[in-house]
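Participant: Here you go, one structure.
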Amino acid sequence: MKAVTWQGKRDVRVESVPDPTIQDPLDAIIRVTTTAICGSDLHLYEVMGPFMSEGDILGHEPMGVVEEVGSGVTALQRGDRVVIPFQIACGHCFMCDQDLQSQCETSQVREHDMGAALFGYTKLYGQIPGGQAEYLRVPQAQYTHIKVPESDAPDDRFIYLSDVLPTAWQAVEYAAIPPSGSVLVIGLGPIGDMAARIAQHHGYRVIGADIVPERLERVKSRGIEVLDASKEDIPETVRSLTDGRGTDAVIDAVGMEAHGAPFGKLAQQMAGLLPRALAARMMERVGVDRLSVLYMAIDAVRRGGTLSISGVYGGMTDPMPMLTMFDKQLQIRMGQANVRRWVDDIMPFLTGPGDPLGVEGFATHRLPLEEAPHAYEIFQKKQDGAVKILLKPGTSPPAA
C-alpha cells in the first residue's frame with residue numbers, strides 16, 4: 001500500500017509499505033477513504049524528530065470502511081463506515097471508565113511514562129503506524145472507533161470527529177466560560193478556528209487572535225471578533241474591550257511552536273543539531289518550549305479566570321510565571337482530548353439539519369495522498385491559505 005512516511009526533519013515521502021494485517025483478536029483493518037494533516041503532525045515535521053524513526057507512518061485523523069475484524073471485535077463488521085479517534089483506548093479500564101480515554105491504562109505507553117498510545121505519533125506514544133495511508137490497523141477496535149450513521153453524507157461531515165471536533169469541544173468545556181461570558185482564542189489554525197465556532201454557537205463572546213491574515217479573515221467571516229497579533233498588544237487590547245478585566249477564559253490553541261520566544265526557539269534548534277539519541281534525552285529532561293502565547297494567555301485572562309490549553313507542549317523545564325498565576329487565582333486545564341467522551345455531544349451537529357459548525361466547508365485543501373509532501377510544506381509555511389488539508393488515498397485492493 002501507499003503511505004506517508006517520516007524520513008527526517010521537513011522530509012516526508014509517500015512510499016510503498018507492507019499492508020497491515022490482523023495481529024490481535026481485538027484488531028480491525030480499515031480502508032482509509034479520507035485522512036487529514038493535523039497541526040500536531042507539524043511538530044513531528046519540525047521539533048519532535050529525535051523521537052521518530054525513518055519510515056514511521058504518519059497521521060492520526062483517518063476515516064474509512066472496515067475491511068477485516070479480529071475474532072474479538074463484535075461491534076464492527078466488514079463494510080461499516082467508521083472514524084478512528086487519534087488515541088487508542090480500550091473502553092473498560094479505570095481511566096476509560098472516568099472518560100479519560102487519553103490516559104487509557106491498556107494502551108498506556110509505560111516505557112516512557114506517557115498516556116494512551118496514539119496513531120502515527122512518535123515512540124513516546126507507542127510508535128503505532130498512522131492513518132495517512134491506504135489501509136490502517138486499528139488496535140482495541142472494539143472501542144477505538146466511531147461508527148458513522150448510515151447516510152450518503154460526504155466524509156467531510158464526519159472526518160473531524162477523529163481529532164479536531166473533540167479537541168476543540170474539550171478546549172471550550174475546559175475553559176469553563178460562564179453564561180454569556182467571554183473567551184479569547186489564541187491561534188486560529190484548525191483547533192482554534194473550530195473552538196471559536198463552538199464557543200460562538202454556545203452564545204459566548206468570542207475574540208480570536210492570530211498573525212496570519214487568511215486565518216483572521218476566515219474566522220471574521222463567521223461574525224467573530226478578531227485581533228491581529230502581529231499589529232496589536234493582545235492582552236492590552238483585550239482588556240480595553242472587557243472593562244479593563246480581560247476575558248473570562250483564554251484558549252491557547254498554539255502550543256510549543258509559537259512565534260517569538262527566541263530562547264525556546266534557540267533551544268529547539270540546538271536539539272535538532274544533536275545526534276538523535278542525545279537530542280531525545282535532552283528534550284525529555286531539560287526541553288523548553290516557546291512560551292510567548294502561554295504568557296500572553298496568562299496576561300490576557302481576567303483574575304479568577306480559566307486558561308484552557310489545547311496546543312501541544314513538550315518542555316520539561318519550562319519557566320512559568322507562578323507569581324502572576326497565583327496572584328490572579330487562575331484555573332488551568334489542559335491535555336489530549338478524550339475523544340469518545342465528547343462524541344455524543346457533537347454528533348447532533350453533524351446529523352441534524354444544516355451544518356451549524358461549517359464542517360463541510362472547513363477544509364481549505366483536498367489533495368491526493370501522493371501530494372502529501374507538498375501539503376505538509378504549505379501547511380508548515382502557512383502558504384496558499386492552508387488551514388486544514390484532507391488527503392484522499394487510492395482505492396487499490398490490498399496485496400495478496
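Residue numbers start at 1 in each chain; chains themselves are named A, B, ... in the order of the C-alpha cells; ligands are numbered from 1 in the order shown.
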Considering only C-alpha atoms, give me a table of residues in stretch 168-245 of chain A that are at most 7 Å from stretch 306-327 of chain A, with the closest atom pair and distance in Å for each, as a Markdown table.

Facilitator:
| residue | atom | partner | partner_atom | distance |
| --- | --- | --- | --- | --- |
| A:Ala171 | CA | A:Ser308 | CA | 5.9 |
| A:Tyr174 | CA | A:Ser308 | CA | 5.7 |
| A:Ala175 | CA | A:Ser308 | CA | 5.0 |
| A:Ala176 | CA | A:Thr306 | CA | 6.7 |

Participant: Take the residues that were just selected and, keeping N, CA and C atoms, output them as a tab-separated table (two decimals), in the first residue's frame.

Facilitator:
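Output (part-v9.tsv):
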chain	number	residue	atom	x	y	z
A	171	ALA	N	-11.60	21.89	24.55
A	171	ALA	CA	-10.99	23.19	24.86
A	171	ALA	C	-12.02	24.16	25.39
A	174	TYR	N	-13.29	22.83	28.89
A	174	TYR	CA	-12.28	23.07	29.93
A	174	TYR	C	-12.14	24.56	30.25
A	175	ALA	N	-12.53	25.43	29.33
A	175	ALA	CA	-12.43	26.87	29.58
A	175	ALA	C	-13.43	27.34	30.63
A	176	ALA	N	-14.46	26.56	30.90
A	176	ALA	CA	-15.44	26.88	31.96
A	176	ALA	C	-15.95	28.31	31.83

Participant: Just want the 10 Å neighbourhood of A:Glu173, counted on only C-alpha atoms, with same-chain residues fewer than 3 positions away dropped. Output as a PyMOL selection string.

Facilitator: chain A and resi 167-170+176-177+195+198-199+308+333+342

Participant: Mind checking which residues fall within 12 Å of stretch 225-236 of chain A, counting only C-alpha atoms, ignoring those fewer than 2 positions away in the same chain, and posting them as number ranges by chain?

Facilitator: A: 182-188, 192-193, 196-197, 200, 204-223, 238-247, 250, 258-260, 292-302

Participant: Any chance you could export the current selection's C-alpha atoms as a PDB file, in the first residue's frame?

Facilitator:
ATOM      1  CA  SER A 182     -16.202  35.823  27.020  1.00  0.00           C
ATOM      2  CA  VAL A 183     -13.279  33.826  25.685  1.00  0.00           C
ATOM      3  CA  LEU A 184     -10.116  34.741  23.821  1.00  0.00           C
ATOM      4  CA  VAL A 185      -8.914  32.045  21.404  1.00  0.00           C
ATOM      5  CA  ILE A 186      -5.220  32.426  20.566  1.00  0.00           C
ATOM      6  CA  GLY A 187      -4.231  30.651  17.368  1.00  0.00           C
ATOM      7  CA  LEU A 188      -6.783  30.219  14.584  1.00  0.00           C
ATOM      8  CA  GLY A 192      -8.602  27.389  17.372  1.00  0.00           C
ATOM      9  CA  ASP A 193     -10.904  28.067  14.433  1.00  0.00           C
ATOM     10  CA  ALA A 196     -14.150  29.704  18.191  1.00  0.00           C
ATOM     11  CA  ARG A 197     -17.096  28.322  16.176  1.00  0.00           C
ATOM     12  CA  GLN A 200     -19.854  31.200  19.354  1.00  0.00           C
ATOM     13  CA  TYR A 204     -20.288  33.253  24.307  1.00  0.00           C
ATOM     14  CA  ARG A 205     -18.484  36.379  23.226  1.00  0.00           C
ATOM     15  CA  VAL A 206     -15.501  35.133  21.224  1.00  0.00           C
ATOM     16  CA  ILE A 207     -12.355  37.049  20.324  1.00  0.00           C
ATOM     17  CA  GLY A 208      -9.840  35.311  18.060  1.00  0.00           C
ATOM     18  CA  ALA A 209      -6.175  36.249  17.698  1.00  0.00           C
ATOM     19  CA  ASP A 210      -3.601  35.166  15.134  1.00  0.00           C
ATOM     20  CA  ILE A 211      -0.876  36.596  12.897  1.00  0.00           C
ATOM     21  CA  VAL A 212      -1.947  35.004   9.599  1.00  0.00           C
ATOM     22  CA  PRO A 213      -4.276  37.284   7.584  1.00  0.00           C
ATOM     23  CA  GLU A 214      -6.144  34.438   5.861  1.00  0.00           C
ATOM     24  CA  ARG A 215      -6.922  32.767   9.178  1.00  0.00           C
ATOM     25  CA  LEU A 216      -8.130  36.008  10.709  1.00  0.00           C
ATOM     26  CA  GLU A 217     -10.391  36.682   7.724  1.00  0.00           C
ATOM     27  CA  ARG A 218     -11.745  33.120   7.760  1.00  0.00           C
ATOM     28  CA  VAL A 219     -12.889  33.462  11.390  1.00  0.00           C
ATOM     29  CA  LYS A 220     -14.052  37.044  10.950  1.00  0.00           C
ATOM     30  CA  SER A 221     -16.312  35.919   8.094  1.00  0.00           C
ATOM     31  CA  ARG A 222     -18.339  33.949  10.658  1.00  0.00           C
ATOM     32  CA  GLY A 223     -19.065  37.096  12.668  1.00  0.00           C
ATOM     33  CA  VAL A 238      -8.473  42.532  25.195  1.00  0.00           C
ATOM     34  CA  ARG A 239      -8.597  44.457  28.484  1.00  0.00           C
ATOM     35  CA  SER A 240      -9.741  47.569  26.616  1.00  0.00           C
ATOM     36  CA  LEU A 241     -12.609  45.500  25.179  1.00  0.00           C
ATOM     37  CA  THR A 242     -13.629  43.961  28.518  1.00  0.00           C
ATOM     38  CA  ASP A 243     -13.890  46.827  31.010  1.00  0.00           C
ATOM     39  CA  GLY A 244     -10.221  46.513  31.885  1.00  0.00           C
ATOM     40  CA  ARG A 245     -10.504  42.951  33.204  1.00  0.00           C
ATOM     41  CA  GLY A 246      -9.627  40.540  30.401  1.00  0.00           C
ATOM     42  CA  THR A 247     -11.771  37.708  29.092  1.00  0.00           C
ATOM     43  CA  VAL A 250      -8.447  32.057  27.245  1.00  0.00           C
ATOM     44  CA  ALA A 258       4.633  29.728  18.955  1.00  0.00           C
ATOM     45  CA  HIS A 259       6.240  32.586  17.098  1.00  0.00           C
ATOM     46  CA  GLY A 260       8.614  34.669  19.178  1.00  0.00           C
ATOM     47  CA  SER A 292       5.104  33.534  24.183  1.00  0.00           C
ATOM     48  CA  VAL A 293       1.482  32.508  23.588  1.00  0.00           C
ATOM     49  CA  LEU A 294       1.143  30.901  27.010  1.00  0.00           C
ATOM     50  CA  TYR A 295       2.471  34.067  28.662  1.00  0.00           C
ATOM     51  CA  MET A 296       0.074  36.092  26.530  1.00  0.00           C
ATOM     52  CA  ALA A 297      -2.821  33.936  27.681  1.00  0.00           C
ATOM     53  CA  ILE A 298      -1.889  34.319  31.347  1.00  0.00           C
ATOM     54  CA  ASP A 299      -1.715  38.083  30.858  1.00  0.00           C
ATOM     55  CA  ALA A 300      -4.996  38.375  28.928  1.00  0.00           C
ATOM     56  CA  VAL A 301      -7.294  36.265  31.120  1.00  0.00           C
ATOM     57  CA  ARG A 302      -9.163  38.079  33.882  1.00  0.00           C
TER      58      ARG A 302
END

Participant: Quote the spacing between atom CA of A:Leu291 and atom CA of A:Glu54 in Å to one decimal place.

Facilitator: 29.4 Å

Participant: Which residues come within 8 Å of A:Ile29, counting only C-alpha atoms, excluding same-chain residues fewer than 6 positions away, as a list of chain:residue names?

Facilitator: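 Those residues are A:Pro20, A:Thr21, A:Ile22, A:Val66, A:Glu67, A:Glu68, A:Val69, A:Tyr135, A:Leu136, A:Arg137, A:Val138.
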
Participant: Just want the 12 Å neighbourhood of A:Tyr121, counted on only C-alpha atoms, with same-chain residues fewer than 4 positions away dropped. Output as a ChimeraX atom specification.

Facilitator: /A:5-6,38,40-45,48-49,51-53,56-61,86-88,109,116-117,125-132

Participant: Could you please take those selected residues and save C-alpha atoms as an mmCIF file, in the first residue's frame?

Facilitator:
data_model
loop_
_atom_site.group_PDB
_atom_site.id
_atom_site.type_symbol
_atom_site.label_atom_id
_atom_site.label_comp_id
_atom_site.auth_asym_id
_atom_site.auth_seq_id
_atom_site.Cartn_x
_atom_site.Cartn_y
_atom_site.Cartn_z
ATOM 1 C CA THR A 5 6.388 8.199 5.898
ATOM 2 C CA TRP A 6 8.688 10.320 8.023
ATOM 3 C CA CYS A 38 -3.051 17.871 11.924
ATOM 4 C CA SER A 40 0.414 18.255 15.736
ATOM 5 C CA ASP A 41 1.878 16.482 12.701
ATOM 6 C CA LEU A 42 3.938 19.624 12.112
ATOM 7 C CA HIS A 43 5.652 19.050 15.473
ATOM 8 C CA LEU A 44 6.950 15.758 14.021
ATOM 9 C CA TYR A 45 7.909 17.563 10.813
ATOM 10 C CA MET A 48 9.966 16.118 17.593
ATOM 11 C CA GLY A 49 12.292 14.406 15.116
ATOM 12 C CA PHE A 51 11.578 10.655 18.819
ATOM 13 C CA MET A 52 10.900 9.454 15.251
ATOM 14 C CA SER A 53 12.418 6.698 13.112
ATOM 15 C CA ASP A 56 7.369 5.796 10.516
ATOM 16 C CA ILE A 57 3.875 6.111 9.023
ATOM 17 C CA LEU A 58 2.288 9.423 9.956
ATOM 18 C CA GLY A 59 -1.267 10.535 10.588
ATOM 19 C CA HIS A 60 -3.917 10.278 13.290
ATOM 20 C CA GLU A 61 -7.087 11.693 11.699
ATOM 21 C CA PHE A 86 -6.433 9.622 17.278
ATOM 22 C CA GLN A 87 -5.914 7.750 20.570
ATOM 23 C CA ILE A 88 -6.117 4.014 21.184
ATOM 24 C CA VAL A 109 2.994 3.797 26.983
ATOM 25 C CA ALA A 116 -2.583 6.342 25.815
ATOM 26 C CA ALA A 117 -0.908 5.243 22.602
ATOM 27 C CA TYR A 125 3.256 7.410 22.258
ATOM 28 C CA GLY A 126 3.851 3.852 21.116
ATOM 29 C CA GLN A 127 5.100 4.377 17.539
ATOM 30 C CA ILE A 128 1.858 2.917 16.141
ATOM 31 C CA PRO A 129 1.647 3.145 12.315
ATOM 32 C CA GLY A 130 -0.620 6.031 11.412
ATOM 33 C CA GLY A 131 -3.561 6.726 9.174
ATOM 34 C CA GLN A 132 -2.057 8.732 6.298
#

Participant: Which residues are close to A:Val17, i.e. within 7 Å by only C-alpha atoms, leaving aside same-chain residues fewer than 6 positions away? Reply as an MDAnalysis selection string.

Facilitator: chainID A and resid 1:3

Participant: From the DSSP assignment of the backbone, select every residue of stretch 110-269 of chain A that is helix (DSSP H, G or I), and format the answer as a PyMOL selection string.

Facilitator: chain A and resi 110-112+123-125+155-157+159-162+164-175+190-201+213-220+234-241+262-269

Participant: Using only C-alpha atoms, tabulate the residues of stretch 335-384 of chain A lying at most 10 Å from any atom of stretch 75-85 of chain A, each with its closest atom pair and that distance in Å to one decimal, by chain and increasing residue number, as a tab-separated table.

Facilitator:
residue	atom	partner	partner_atom	distance
A:Ala337	CA	A:Pro85	CA	9.9
A:Asn338	CA	A:Pro85	CA	9.2
A:Val339	CA	A:Pro85	CA	6.3
A:Arg340	CA	A:Pro85	CA	7.7

Participant: For those residues, write N, CA and C atoms to a file as a PDB file, in the first residue's frame.

Facilitator:
ATOM      1  N   ALA A 337      -7.247  15.534  24.026  1.00  0.00           N
ATOM      2  CA  ALA A 337      -8.706  15.391  24.073  1.00  0.00           C
ATOM      3  C   ALA A 337      -9.095  13.942  24.316  1.00  0.00           C
ATOM      4  N   ASN A 338     -10.106  13.754  25.128  1.00  0.00           N
ATOM      5  CA  ASN A 338     -10.688  12.434  25.366  1.00  0.00           C
ATOM      6  C   ASN A 338     -11.802  12.240  24.345  1.00  0.00           C
ATOM      7  N   VAL A 339     -11.440  11.702  23.184  1.00  0.00           N
ATOM      8  CA  VAL A 339     -12.319  11.764  22.010  1.00  0.00           C
ATOM      9  C   VAL A 339     -13.702  11.183  22.283  1.00  0.00           C
ATOM     10  N   ARG A 340     -13.741   9.936  22.748  1.00  0.00           N
ATOM     11  CA  ARG A 340     -15.039   9.277  22.894  1.00  0.00           C
ATOM     12  C   ARG A 340     -15.942   9.982  23.915  1.00  0.00           C
TER      13      ARG A 340
END

Participant: If I take atom CA of A:Pro368 and atom CA of A:Gln140, how far is one from the other in Å, to one decimal?

Facilitator: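 Atom-to-atom, atom CA of A:Pro368 to atom CA of A:Gln140, that is 28.6 Å.
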
Participant: Excluding same-chain residues fewer than 6 positions from A:Met63, what lies within 10 Å of it counting only C-alpha atoms, as a PDB file with N, CA and C atoms, in the first residue's frame?

Facilitator:
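Listing of part01.pdb after writing:
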ATOM      1  N   ILE A  30      -8.984  -1.108   8.397  1.00  0.00           N
ATOM      2  CA  ILE A  30      -9.889  -0.256   7.629  1.00  0.00           C
ATOM      3  C   ILE A  30      -9.208   0.208   6.347  1.00  0.00           C
ATOM      4  N   ARG A  31     -10.005   0.350   5.317  1.00  0.00           N
ATOM      5  CA  ARG A  31      -9.555   1.008   4.090  1.00  0.00           C
ATOM      6  C   ARG A  31      -9.824   2.494   4.261  1.00  0.00           C
ATOM      7  N   VAL A  32      -8.784   3.279   4.251  1.00  0.00           N
ATOM      8  CA  VAL A  32      -8.898   4.714   4.539  1.00  0.00           C
ATOM      9  C   VAL A  32      -9.458   5.431   3.321  1.00  0.00           C
ATOM     10  N   THR A  33     -10.528   6.182   3.526  1.00  0.00           N
ATOM     11  CA  THR A  33     -11.131   6.958   2.443  1.00  0.00           C
ATOM     12  C   THR A  33     -10.767   8.445   2.514  1.00  0.00           C
ATOM     13  N   THR A  34     -10.541   8.941   3.706  1.00  0.00           N
ATOM     14  CA  THR A  34     -10.081  10.325   3.901  1.00  0.00           C
ATOM     15  C   THR A  34      -9.191  10.346   5.130  1.00  0.00           C
ATOM     16  N   THR A  35      -8.117  11.118   5.059  1.00  0.00           N
ATOM     17  CA  THR A  35      -7.242  11.293   6.211  1.00  0.00           C
ATOM     18  C   THR A  35      -6.758  12.735   6.198  1.00  0.00           C
ATOM     19  N   ALA A  36      -6.464  13.280   7.346  1.00  0.00           N
ATOM     20  CA  ALA A  36      -6.145  14.706   7.437  1.00  0.00           C
ATOM     21  C   ALA A  36      -4.757  14.930   8.012  1.00  0.00           C
ATOM     22  N   ARG A  81     -18.803   1.932   8.026  1.00  0.00           N
ATOM     23  CA  ARG A  81     -18.094   3.195   7.812  1.00  0.00           C
ATOM     24  C   ARG A  81     -17.749   3.775   9.181  1.00  0.00           C
ATOM     25  N   VAL A  82     -16.467   4.080   9.395  1.00  0.00           N
ATOM     26  CA  VAL A  82     -16.028   4.485  10.731  1.00  0.00           C
ATOM     27  C   VAL A  82     -15.042   5.637  10.664  1.00  0.00           C
ATOM     28  N   VAL A  83     -15.053   6.433  11.733  1.00  0.00           N
ATOM     29  CA  VAL A  83     -13.994   7.400  12.017  1.00  0.00           C
ATOM     30  C   VAL A  83     -13.131   6.787  13.109  1.00  0.00           C
ATOM     31  N   ILE A  84     -11.823   6.958  13.015  1.00  0.00           N
ATOM     32  CA  ILE A  84     -10.911   6.403  14.009  1.00  0.00           C
ATOM     33  C   ILE A  84     -10.353   7.529  14.873  1.00  0.00           C
ATOM     34  N   PRO A  85     -10.634   7.532  16.178  1.00  0.00           N
ATOM     35  CA  PRO A  85     -10.055   8.535  17.067  1.00  0.00           C
ATOM     36  C   PRO A  85      -8.530   8.482  17.041  1.00  0.00           C
ATOM     37  N   GLY A 131      -2.448   6.823  10.099  1.00  0.00           N
ATOM     38  CA  GLY A 131      -3.561   6.726   9.174  1.00  0.00           C
ATOM     39  C   GLY A 131      -3.428   7.506   7.890  1.00  0.00           C
ATOM     40  N   LEU A 136      -5.204   0.873   7.397  1.00  0.00           N
ATOM     41  CA  LEU A 136      -4.778   1.116   8.772  1.00  0.00           C
ATOM     42  C   LEU A 136      -5.200  -0.049   9.655  1.00  0.00           C
ATOM     43  N   HIS A 145     -13.175   3.273  17.761  1.00  0.00           N
ATOM     44  CA  HIS A 145     -13.845   3.609  16.508  1.00  0.00           C
ATOM     45  C   HIS A 145     -15.075   4.446  16.833  1.00  0.00           C
ATOM     46  N   ILE A 146     -15.545   5.172  15.846  1.00  0.00           N
ATOM     47  CA  ILE A 146     -16.817   5.898  15.912  1.00  0.00           C
ATOM     48  C   ILE A 146     -17.584   5.514  14.661  1.00  0.00           C
ATOM     49  N   LYS A 147     -18.674   4.805  14.819  1.00  0.00           N
ATOM     50  CA  LYS A 147     -19.440   4.346  13.672  1.00  0.00           C
ATOM     51  C   LYS A 147     -20.250   5.516  13.112  1.00  0.00           C
ATOM     52  N   VAL A 148     -20.132   5.699  11.816  1.00  0.00           N
ATOM     53  CA  VAL A 148     -20.828   6.797  11.151  1.00  0.00           C
ATOM     54  C   VAL A 148     -22.254   6.351  10.828  1.00  0.00           C
ATOM     55  N   ASP A 155     -17.451  12.410   3.490  1.00  0.00           N
ATOM     56  CA  ASP A 155     -16.514  12.226   4.596  1.00  0.00           C
ATOM     57  C   ASP A 155     -16.289  13.526   5.367  1.00  0.00           C
ATOM     58  N   ASP A 156     -16.320  14.662   4.668  1.00  0.00           N
ATOM     59  CA  ASP A 156     -16.084  15.952   5.330  1.00  0.00           C
ATOM     60  C   ASP A 156     -17.037  16.183   6.499  1.00  0.00           C
ATOM     61  N   PHE A 158     -17.920  14.037   8.744  1.00  0.00           N
ATOM     62  CA  PHE A 158     -17.589  13.257   9.945  1.00  0.00           C
ATOM     63  C   PHE A 158     -16.100  13.163  10.262  1.00  0.00           C
ATOM     64  N   ILE A 159     -15.222  13.440   9.310  1.00  0.00           N
ATOM     65  CA  ILE A 159     -13.791  13.194   9.496  1.00  0.00           C
ATOM     66  C   ILE A 159     -13.230  13.909  10.720  1.00  0.00           C
ATOM     67  N   TYR A 160     -13.789  15.058  11.065  1.00  0.00           N
ATOM     68  CA  TYR A 160     -13.214  15.850  12.157  1.00  0.00           C
ATOM     69  C   TYR A 160     -13.530  15.282  13.542  1.00  0.00           C
ATOM     70  N   LEU A 161     -14.375  14.233  13.595  1.00  0.00           N
ATOM     71  CA  LEU A 161     -14.576  13.538  14.870  1.00  0.00           C
ATOM     72  C   LEU A 161     -13.310  12.828  15.329  1.00  0.00           C
ATOM     73  N   SER A 162     -12.359  12.615  14.430  1.00  0.00           N
ATOM     74  CA  SER A 162     -11.122  11.928  14.792  1.00  0.00           C
ATOM     75  C   SER A 162     -10.271  12.749  15.740  1.00  0.00           C
TER      76      SER A 162
END

Participant: Give the strand (DSSP E or B) residues of stretch 24-79 of chain A, as DSSP finds them on the backbone, and put them as a list in words.

Facilitator: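 Selection result, strand (DSSP E or B) within stretch 24-79 of chain A: Ala28, Ile29, Ile30, Arg31, Val32, Thr33, Thr34, Thr35, Ala36, Ile37, Asp56, Ile57, Pro62, Met63, Gly64, Val65, Val66, Glu67, Glu68 and Val69 of chain A.
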
Participant: Please produce an output containing C-alpha atoms for each residue in the selection, written as a short mmCIF file (atom, residue, chain, number, x, y, z; two decimals), in the first residue's frame.

Facilitator:
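What ended up in again-v2.cif:
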data_model
loop_
_atom_site.label_atom_id
_atom_site.label_comp_id
_atom_site.auth_asym_id
_atom_site.auth_seq_id
_atom_site.Cartn_x
_atom_site.Cartn_y
_atom_site.Cartn_z
CA ALA A 28 -9.53 -4.30 12.75
CA ILE A 29 -8.28 -3.25 9.33
CA ILE A 30 -9.89 -0.26 7.63
CA ARG A 31 -9.56 1.01 4.09
CA VAL A 32 -8.90 4.71 4.54
CA THR A 33 -11.13 6.96 2.44
CA THR A 34 -10.08 10.32 3.90
CA THR A 35 -7.24 11.29 6.21
CA ALA A 36 -6.15 14.71 7.44
CA ILE A 37 -2.96 16.53 8.36
CA ASP A 56 7.37 5.80 10.52
CA ILE A 57 3.87 6.11 9.02
CA PRO A 62 -8.46 8.94 9.42
CA MET A 63 -11.83 7.55 8.48
CA GLY A 64 -12.80 4.76 6.16
CA VAL A 65 -14.51 1.42 5.68
CA VAL A 66 -13.92 -1.72 7.72
CA GLU A 67 -12.23 -4.43 5.63
CA GLU A 68 -11.50 -7.06 8.28
CA VAL A 69 -12.05 -7.59 12.01
#

Participant: So, with only C-alpha atoms as the atoms that count, which of A:Gly335, A:Pro373, A:Pro178, A:Gly394 lies closest to A:Gly304?

Facilitator: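 Among A:Gly335, A:Pro373, A:Pro178, A:Gly394, it is A:Pro178 that comes nearest to A:Gly304.
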